[in-house]
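Q: You'll find run-v3.txt just under this line, and it carries compact mmCIF, C-alpha atoms.
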# COMPACT_ATOMS: atom_id res chain seq x y z
CA MET A 467 -31.78 88.11 135.96
CA ALA A 468 -28.75 86.72 134.10
CA LEU A 469 -27.16 90.18 134.16
CA LEU A 470 -27.71 90.46 137.92
CA PHE A 471 -26.10 87.04 138.50
CA SER A 472 -23.04 88.07 136.46
CA LEU A 473 -22.66 91.26 138.50
CA ILE A 474 -22.86 89.33 141.79
CA LEU A 475 -20.27 86.81 140.55
CA ALA A 476 -17.87 89.57 139.51
CA ILE A 477 -18.17 91.29 142.91
CA CYS A 478 -17.80 88.14 145.05
CA THR A 479 -15.00 86.41 143.15
CA ARG A 480 -11.31 87.28 143.35
CA PRO A 481 -9.70 87.91 139.95
CA GLY A 482 -7.81 84.60 139.94
CA PHE A 483 -10.92 82.50 140.48
CA LEU A 484 -12.27 83.30 137.03
CA ALA A 485 -9.40 81.29 135.57
CA SER A 486 -9.00 78.73 138.32
CA PRO A 487 -6.60 75.89 137.52
CA SER A 488 -8.30 72.75 136.20
CA GLY A 489 -5.39 70.49 137.13
CA VAL A 490 -2.17 70.34 139.09
CA ARG A 491 1.01 68.28 138.82
CA LEU A 492 4.51 68.06 140.32
CA VAL A 493 7.40 68.01 137.85
CA GLY A 494 11.04 66.92 138.12
CA GLY A 495 10.93 65.07 141.46
CA LEU A 496 11.95 61.57 142.42
CA HIS A 497 8.33 60.47 142.20
CA ARG A 498 4.94 61.94 141.25
CA CYS A 499 4.43 63.34 144.76
CA GLU A 500 7.38 65.73 144.73
CA GLY A 501 8.59 68.46 142.36
CA ARG A 502 7.92 71.87 140.88
CA VAL A 503 4.23 72.84 141.11
CA GLU A 504 2.50 73.33 137.76
CA VAL A 505 -1.17 74.12 137.11
CA GLU A 506 -3.30 73.90 134.00
CA GLN A 507 -5.42 76.77 132.72
CA LYS A 508 -7.26 76.72 129.40
CA GLY A 509 -5.24 73.75 128.19
CA GLN A 510 -1.85 75.29 129.05
CA TRP A 511 0.49 74.25 131.87
CA GLY A 512 2.28 76.94 133.88
CA THR A 513 4.04 77.39 137.20
CA VAL A 514 2.98 78.88 140.54
CA CYS A 515 4.74 81.85 142.17
CA ASP A 516 6.10 81.10 145.64
CA ASP A 517 4.91 84.41 147.17
CA GLY A 518 3.18 83.35 150.37
CA TRP A 519 3.59 79.66 149.50
CA ASP A 520 3.61 77.53 152.66
CA ILE A 521 3.00 74.04 154.03
CA LYS A 522 -0.81 74.53 154.04
CA ASP A 523 -0.73 75.14 150.29
CA VAL A 524 1.43 72.04 149.83
CA ALA A 525 -1.02 70.00 151.93
CA VAL A 526 -3.80 70.84 149.48
CA VAL A 527 -1.65 69.88 146.48
CA CYS A 528 -0.78 66.57 148.16
CA ARG A 529 -4.46 65.87 148.85
CA GLU A 530 -5.48 66.72 145.28
CA LEU A 531 -2.87 64.37 143.84
CA GLY A 532 -3.71 61.51 146.19
CA CYS A 533 -0.30 61.65 147.83
CA GLY A 534 0.67 61.32 151.47
CA ALA A 535 1.19 64.07 154.01
CA ALA A 536 2.92 67.33 153.08
CA SER A 537 6.60 67.12 154.02
CA GLY A 538 8.21 70.28 152.62
CA THR A 539 8.08 73.47 150.55
CA PRO A 540 11.24 73.24 148.41
CA SER A 541 11.99 75.86 145.80
CA GLY A 542 10.73 74.89 142.36
CA ILE A 543 14.02 75.93 140.72
CA LEU A 544 15.71 72.89 142.29
CA TYR A 545 13.95 70.53 139.91
CA GLU A 546 15.22 69.72 136.45
CA PRO A 547 14.59 70.21 133.66
CA PRO A 548 13.70 73.82 134.58
CA ALA A 549 10.52 75.51 133.39
CA GLU A 550 10.77 76.62 129.78
CA LYS A 551 11.16 80.36 129.18
CA GLU A 552 7.94 80.56 127.18
CA GLN A 553 6.02 78.79 129.95
CA LYS A 554 3.97 81.27 131.97
CA VAL A 555 3.73 81.79 135.73
CA LEU A 556 -0.04 81.44 136.01
CA ILE A 557 -0.96 82.23 139.62
CA GLN A 558 0.50 84.18 142.51
CA SER A 559 -0.12 84.65 146.24
CA VAL A 560 -1.93 81.36 146.77
CA SER A 561 -3.55 81.25 150.21
CA CYS A 562 -5.04 77.96 151.40
CA THR A 563 -6.41 77.10 154.81
CA GLY A 564 -5.11 73.56 154.35
CA THR A 565 -8.56 71.98 154.37
CA GLU A 566 -9.42 72.48 150.68
CA ASP A 567 -9.67 69.48 148.36
CA THR A 568 -8.09 71.21 145.35
CA LEU A 569 -5.79 74.16 144.74
CA ALA A 570 -8.55 75.78 142.69
CA GLN A 571 -10.56 76.25 145.90
CA CYS A 572 -7.83 78.37 147.52
CA GLU A 573 -7.62 82.15 147.27
CA GLN A 574 -5.17 83.26 144.62
CA GLU A 575 -4.24 86.26 142.52
CA GLU A 576 -3.34 86.82 138.92
CA VAL A 577 0.38 87.26 138.33
CA TYR A 578 1.63 90.82 138.52
CA ASP A 579 5.31 90.46 139.45
CA CYS A 580 6.88 86.99 139.43
CA SER A 581 9.51 85.10 137.40
CA HIS A 582 10.55 81.46 137.15
CA ASP A 583 13.23 82.12 139.78
CA GLU A 584 10.30 82.16 142.22
CA ASP A 585 8.57 78.97 141.09
CA ALA A 586 6.98 77.05 143.97
CA GLY A 587 7.75 73.44 144.80
CA ALA A 588 6.03 70.80 146.90
CA SER A 589 7.11 67.61 148.64
CA CYS A 590 4.61 64.99 149.79
CA GLU A 591 5.11 61.52 151.18
CA ASN A 592 4.90 58.95 148.43
CA PRO A 593 2.12 56.44 149.25
CA GLU A 594 3.23 54.04 146.53
CA SER A 595 6.50 53.07 148.16
CA SER A 596 7.73 52.91 151.72
CA PHE A 597 11.32 52.84 150.48
CA SER A 598 13.42 55.31 148.56
CA PRO A 599 13.87 54.82 144.80
CA VAL A 600 17.20 53.31 143.79
CA PRO A 601 19.74 55.94 142.66
CA GLU A 602 21.19 55.55 139.16
CA GLY A 603 24.63 56.96 139.87
CA VAL A 604 26.87 58.75 142.32
CA ARG A 605 29.40 61.58 142.15
CA LEU A 606 31.51 63.81 144.40
CA ALA A 607 30.72 67.43 143.51
CA ASP A 608 32.48 70.78 144.03
CA GLY A 609 35.78 69.19 145.12
CA PRO A 610 39.32 69.56 143.72
CA GLY A 611 38.84 66.44 141.59
CA HIS A 612 36.37 63.63 140.94
CA CYS A 613 37.61 61.76 144.04
CA LYS A 614 36.80 64.50 146.56
CA GLY A 615 33.58 66.39 147.13
CA ARG A 616 29.97 66.52 148.27
CA VAL A 617 28.13 63.21 147.83
CA GLU A 618 25.37 63.43 145.23
CA VAL A 619 23.21 60.66 143.77
CA LYS A 620 21.36 60.63 140.44
CA HIS A 621 17.77 59.64 139.83
CA GLN A 622 15.75 60.29 136.67
CA ASN A 623 18.49 62.57 135.28
CA GLN A 624 18.58 64.80 138.35
CA TRP A 625 21.25 65.03 141.05
CA TYR A 626 20.42 65.06 144.77
CA THR A 627 22.54 65.53 147.89
CA VAL A 628 22.79 62.94 150.68
CA CYS A 629 22.02 63.71 154.31
CA GLN A 630 24.70 62.84 156.86
CA THR A 631 22.31 60.97 159.17
CA GLY A 632 23.45 57.35 159.27
CA TRP A 633 26.48 58.03 157.04
CA SER A 634 29.72 56.23 157.94
CA LEU A 635 33.23 55.53 156.69
CA ARG A 636 31.86 52.21 155.38
CA ALA A 637 29.55 54.11 153.03
CA ALA A 638 32.45 56.34 151.98
CA LYS A 639 34.48 53.23 151.07
CA VAL A 640 31.67 52.10 148.77
CA VAL A 641 31.53 55.50 147.04
CA CYS A 642 35.31 55.56 146.50
CA ARG A 643 35.23 52.04 145.07
CA GLN A 644 32.30 52.83 142.79
CA LEU A 645 34.05 55.91 141.37
CA GLY A 646 37.28 54.04 140.65
CA CYS A 647 39.16 56.09 143.23
CA GLY A 648 41.57 54.92 145.91
CA ARG A 649 40.78 54.24 149.54
CA ALA A 650 38.44 56.48 151.54
CA VAL A 651 40.55 58.76 153.73
CA LEU A 652 37.96 61.22 155.03
CA THR A 653 34.23 61.51 155.48
CA GLN A 654 32.84 64.68 156.98
CA LYS A 655 29.28 64.48 158.16
CA ARG A 656 28.90 68.20 157.50
CA CYS A 657 30.21 70.09 154.48
CA ASN A 658 32.05 73.37 154.78
CA LYS A 659 29.65 76.24 154.21
CA HIS A 660 31.00 77.06 150.76
CA ALA A 661 30.27 73.48 149.67
CA TYR A 662 26.60 73.35 150.70
CA GLY A 663 24.44 71.87 147.97
CA ARG A 664 21.39 73.48 146.39
CA LYS A 665 19.86 70.32 144.99
CA PRO A 666 16.98 68.52 146.73
CA ILE A 667 18.11 66.27 149.57
CA TRP A 668 18.00 62.57 148.68
CA LEU A 669 17.62 60.71 151.96
CA SER A 670 19.26 59.68 155.17
CA GLN A 671 20.12 56.44 156.95
CA MET A 672 22.45 54.97 154.32
CA SER A 673 23.44 51.63 155.83
CA CYS A 674 26.45 50.11 154.08
CA SER A 675 28.64 47.22 155.20
CA GLY A 676 31.57 48.60 153.18
CA ARG A 677 31.72 45.53 150.95
CA GLU A 678 29.05 46.63 148.43
CA ALA A 679 30.12 47.29 144.84
CA THR A 680 27.92 50.40 144.54
CA LEU A 681 26.00 52.76 146.80
CA GLN A 682 22.82 51.48 145.13
CA ASP A 683 23.40 48.14 146.88
CA CYS A 684 23.23 49.72 150.35
CA PRO A 685 19.92 49.74 152.26
CA SER A 686 18.58 53.21 153.00
CA GLY A 687 15.78 54.93 154.85
CA PRO A 688 12.49 55.78 153.13
CA TRP A 689 12.19 58.83 150.93
CA GLY A 690 10.57 61.86 152.54
CA LYS A 691 11.32 60.76 156.10
CA ASN A 692 14.36 62.98 156.77
CA THR A 693 14.41 66.42 158.37
CA CYS A 694 17.81 67.41 156.99
CA ASN A 695 19.15 70.77 155.83
CA HIS A 696 22.01 71.40 153.42
CA ASP A 697 24.38 72.09 156.31
CA GLU A 698 24.09 68.32 156.85
CA ASP A 699 25.23 67.41 153.31
CA THR A 700 27.91 64.69 153.32
CA TRP A 701 31.49 65.28 152.13
CA VAL A 702 33.86 62.43 151.16
CA GLU A 703 37.52 62.35 150.16
CA CYS A 704 39.17 59.35 148.49
CA GLU A 705 42.76 58.75 147.51
CA ASP A 706 43.53 59.24 143.83
CA PRO A 707 42.87 56.23 141.58
CA PHE A 708 45.31 53.37 142.15
CA ASP A 709 47.48 52.44 139.19
CA LEU A 710 50.55 50.31 138.55
CA ARG A 711 52.96 49.49 135.72
CA LEU A 712 55.94 47.31 134.86
CA VAL A 713 58.90 49.27 133.48
CA GLY A 714 62.18 48.42 131.79
CA GLY A 715 61.04 45.19 130.16
CA ASP A 716 60.54 44.16 126.54
CA ASN A 717 56.77 44.60 126.87
CA LEU A 718 54.12 45.89 129.28
CA CYS A 719 53.87 42.52 131.04
CA CYS A 720 57.34 42.29 132.54
CA GLY A 721 59.60 44.65 134.38
CA ARG A 722 60.22 46.47 137.62
CA LEU A 723 56.94 47.14 139.46
CA GLU A 724 55.91 50.74 140.07
CA VAL A 725 52.71 52.06 141.69
CA LEU A 726 51.12 55.50 141.43
CA HIS A 727 50.32 57.39 144.63
CA LYS A 728 49.47 61.10 144.96
CA GLY A 729 50.46 61.58 141.33
CA VAL A 730 53.98 60.16 141.84
CA TRP A 731 55.31 56.81 140.61
CA GLY A 732 57.34 54.75 143.09
CA SER A 733 58.67 51.23 143.53
CA VAL A 734 57.61 48.33 145.79
CA CYS A 735 59.92 46.59 148.28
CA ASP A 736 60.29 42.80 147.95
CA ASP A 737 59.91 42.05 151.69
CA ASN A 738 57.46 39.10 151.91
CA TRP A 739 56.81 39.33 148.15
CA GLY A 740 55.94 36.02 146.47
CA GLU A 741 53.89 34.17 143.85
CA LYS A 742 50.48 35.28 145.14
CA GLU A 743 51.48 38.92 144.88
CA ASP A 744 52.76 38.28 141.35
CA GLN A 745 49.40 36.73 140.44
CA VAL A 746 47.47 39.82 141.55
CA VAL A 747 49.73 42.17 139.57
CA CYS A 748 49.42 40.10 136.39
CA LYS A 749 45.66 39.87 136.84
CA GLN A 750 45.29 43.63 137.36
CA LEU A 751 47.35 44.39 134.25
CA GLY A 752 45.47 41.83 132.13
CA CYS A 753 48.76 40.07 131.46
CA GLY A 754 47.82 36.45 132.02
CA LYS A 755 49.54 34.30 134.65
CA SER A 756 52.65 34.88 136.73
CA LEU A 757 55.80 33.13 135.47
CA SER A 758 57.45 33.24 138.94
CA PRO A 759 60.95 34.25 137.75
CA SER A 760 64.11 33.37 139.60
CA PHE A 761 65.71 35.80 142.05
CA ARG A 762 68.40 36.56 139.47
CA ASN A 763 65.87 37.42 136.75
CA ARG A 764 63.92 39.62 139.15
CA LYS A 765 67.04 41.77 139.61
CA CYS A 766 67.91 42.12 135.93
CA TYR A 767 66.09 45.44 135.57
CA GLY A 768 68.23 47.19 138.15
CA PRO A 769 67.13 49.47 140.98
CA GLY A 770 64.56 52.22 140.60
CA VAL A 771 64.87 55.82 141.71
CA GLY A 772 62.69 58.13 143.74
CA ARG A 773 60.02 56.98 146.19
CA ILE A 774 59.54 53.50 147.59
CA TRP A 775 55.79 53.44 148.17
CA LEU A 776 54.92 49.96 149.46
CA ASP A 777 56.47 47.39 151.76
CA ASN A 778 55.37 44.09 153.33
CA VAL A 779 52.63 43.52 150.77
CA ARG A 780 50.54 40.41 151.49
CA CYS A 781 47.93 39.07 149.05
CA SER A 782 45.71 36.00 149.09
CA GLY A 783 45.88 35.78 145.30
CA GLU A 784 42.11 36.35 144.96
CA GLU A 785 42.30 40.17 144.94
CA GLN A 786 41.48 42.04 141.75
CA SER A 787 43.88 44.87 142.55
CA LEU A 788 47.13 45.17 144.48
CA GLU A 789 45.48 47.98 146.44
CA GLN A 790 43.19 45.39 148.07
CA CYS A 791 46.16 43.50 149.53
CA GLN A 792 47.49 44.23 153.00
CA HIS A 793 50.56 46.48 153.21
CA ARG A 794 52.22 49.04 155.42
CA PHE A 795 51.18 52.68 155.21
CA TRP A 796 52.15 54.38 151.98
CA GLY A 797 55.79 55.49 152.09
CA PHE A 798 56.67 53.53 155.25
CA HIS A 799 59.46 50.97 154.66
CA ASP A 800 62.91 49.80 155.71
CA CYS A 801 64.17 49.08 152.19
CA THR A 802 66.56 50.39 149.54
CA HIS A 803 66.05 50.31 145.79
CA GLN A 804 68.20 47.14 145.69
CA GLU A 805 65.06 45.41 146.99
CA ASP A 806 62.67 46.69 144.29
CA VAL A 807 60.14 44.11 143.05
CA ALA A 808 60.09 42.92 139.42
CA VAL A 809 57.25 40.86 137.94
CA PHE A 810 57.08 38.57 134.87
CA CYS A 811 53.68 37.67 133.37
CA SER A 812 52.78 35.34 130.51
CA GLY A 813 50.77 37.99 128.66
The structure in this file should be written as structure tokens.
A:
Amino acid sequence: MALLFSLILAICTRPGFLASPSGVRLVGGLHRCEGRVEVEQKGQWGTVCDDGWDIKDVAVVCRELGCGAASGTPSGILYEPPAEKEQKVLIQSVSCTGTEDTLAQCEQEEVYDCSHDEDAGASCENPESSFSPVPEGVRLADGPGHCKGRVEVKHQNQWYTVCQTGWSLRAAKVVCRQLGCGRAVLTQKRCNKHAYGRKPIWLSQMSCSGREATLQDCPSGPWGKNTCNHDEDTWVECEDPFDLRLVGGDNLCCGRLEVLHKGVWGSVCDDNWGEKEDQVVCKQLGCGKSLSPSFRNRKCYGPGVGRIWLDNVRCSGEEQSLEQCQHRFWGFHDCTHQEDVAVFCSG
């Protein structure tokens, strides 16, 4: 009788069912309900081949893990850290109806031709939070420098792209400020095709006022609620980092003022220049207070050469950087180098 039962079981069961997974997990995602699919067999964790993998299979994984509704079938190779080389791909050609309670109840085959480049991923709504996790950092990727590129945010040591939905120049200003770059000069709501990201998409509906110190301070839409593709990744360009110096003096805290723009040093015209502007320069350089020198002393360093970058600068005195003060467009002026600004600080 026992022999007959074994024969019936062997005939009626697909090969993969004899080693059905005893557990499932999602690895490398923003939360426990998103990531690379891994299953446990005989005490060992391995990945799942994405042959035939679809939203019905993801729905079963989401149900088994107690997550929300299935929201996507991302590639498992997007999630970091990647599967280890010695880790096996345990099952292939999973076929669920979408009504099963566990992945073990779905039809599946033993692996015959699959590598980790074909690892399956799953994305479910996260029932534990109606809002997106807070990103840990931001960068501009695949641009000509760290101040131009595709917007990416970091969470749990993984980088994600940002969907253009809800993005604005105000959000771009926050990114530029956070990265220590100059002013935001461009934000494209769609990247050029060569700059499409391959990372998972973070979220949409970033709502910044433009005054936030970091992108993390901006409200955003809930995770898993966007329907974005990578052709909607956001691209931002900022001016190069703003810098200034005092030249020709006895120390770094006095001299003719020069500012750096587009990699070139140039002087500042003294139209409307006064004590408040001096205060901002001294503060930015860490040089103490302004000594408000006489007109004669201001001219003792002689005229500069080359570009005159700024004119009609107006500060309140509360700014942390001269860049935050009002001024005419870079390079627009009606001055000569006889009107170059000099600054004396107590530092």
Q: Enter the distance from CA of Ile557 in chain A to CA of Val577 in chain A, in Å, rounded to one decimal.
A: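 Result for CA of Ile557 in chain A versus CA of Val577 in chain A: 5.4 Å, one decimal.
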Q: Check the smallest atom-to-atom distance from each of A:Gly714, A:Pro769, A:Gly501, A:Gly797 to Val527 in chain A using all atoms listed in the file, then report the winner.
A: A:Gly501
Q: Residues within 7 Å of (1.8, 71.4, 155.0), file coordinates, counting only C-alpha atoms: what are they? Give the list as JSON, numbers by chain.
A: {"A": [520, 521, 522, 523, 524, 525, 536, 537, 538]}
Q: Figure out the distance between CA of Thr627 in chain A and CA of Val702 in chain A, please, to one decimal in Å.
A: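 Going from CA of Val702 in chain A over to CA of Thr627 in chain A covers 12.2 Å.
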Q: What's the separation between CA of Leu710 in chain A and CA of His803 in chain A, in Å to one decimal place?
A: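 Separating CA of Leu710 in chain A from CA of His803 in chain A is a distance of 17.1 Å.
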Q: List every protein, DNA or RNA residue with an atom no more than 9 Å from (55.9, 51.9, 154.7) in the file's coordinates, counting all atoms listed in the file, and format the result as a PyMOL selection string.
A: chain A and resi 774-778+793-800
Q: Which one of A:Ser787, A:Lys620, A:Ala535, A:Gly740 sits closest to Arg643 in chain A if you count all atoms listed in the file?
A: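 Under the stated criterion, the closest residue is A:Ser787.
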Q: Here is a test: counting all atoms listed in the file, which residue of A:Asp697, A:Glu550, A:Glu504, A:Glu530 is nearest to Thr565 in chain A?
A: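 Among the listed residues, A:Glu530 lies closest to Thr565 in chain A.
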Q: Counting all atoms listed in the file, figure out which residue out of A:Gly732, A:Gly615, A:Gly754, A:Gly721 gets nearest to Cys704 in chain A.
A: A:Gly615
Q: With only C-alpha atoms as the atoms that count, which of A:Tyr545, A:Tyr767, A:Trp519, A:Tyr578 lies nearest to Cys562 in chain A?
A: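 Closest to Cys562 in chain A, using only C-alpha atoms: A:Trp519.
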Q: May I ask which of the residues A:Asp585, A:Glu546, A:Asp517, A:Glu576 is the closest one to Val503 in chain A, counting all atoms listed in the file?
A: A:Asp585
Q: Neighbours of Asp806 in chain A within 7 Å (only C-alpha atoms; same-chain residues fewer than 2 positions away dropped), as a list in words?
A: Ser733, Val734, Cys735, Asp736, Pro769, Gly770, His803, Gln804 and Ala808 of chain A
Q: Go ahead and save the picked residues with C-alpha atoms, as an mmCIF file, in the frame of the given file.
A:
data_model
loop_
_atom_site.group_PDB
_atom_site.id
_atom_site.type_symbol
_atom_site.label_atom_id
_atom_site.label_comp_id
_atom_site.auth_asym_id
_atom_site.auth_seq_id
_atom_site.Cartn_x
_atom_site.Cartn_y
_atom_site.Cartn_z
ATOM 1 C CA SER A 733 58.670 51.230 143.530
ATOM 2 C CA VAL A 734 57.610 48.330 145.790
ATOM 3 C CA CYS A 735 59.920 46.590 148.280
ATOM 4 C CA ASP A 736 60.290 42.800 147.950
ATOM 5 C CA PRO A 769 67.130 49.470 140.980
ATOM 6 C CA GLY A 770 64.560 52.220 140.600
ATOM 7 C CA HIS A 803 66.050 50.310 145.790
ATOM 8 C CA GLN A 804 68.200 47.140 145.690
ATOM 9 C CA ALA A 808 60.090 42.920 139.420
#
Q: Any idea what's packed within 10 Å of Gly532 in chain A, counting all atoms listed in the file, ignoring anything in its chain fewer than 2 positions away? Could you give it as an MDAnalysis selection string?
A: chainID A and resid 498:499 526:530 534:535 590 592:593
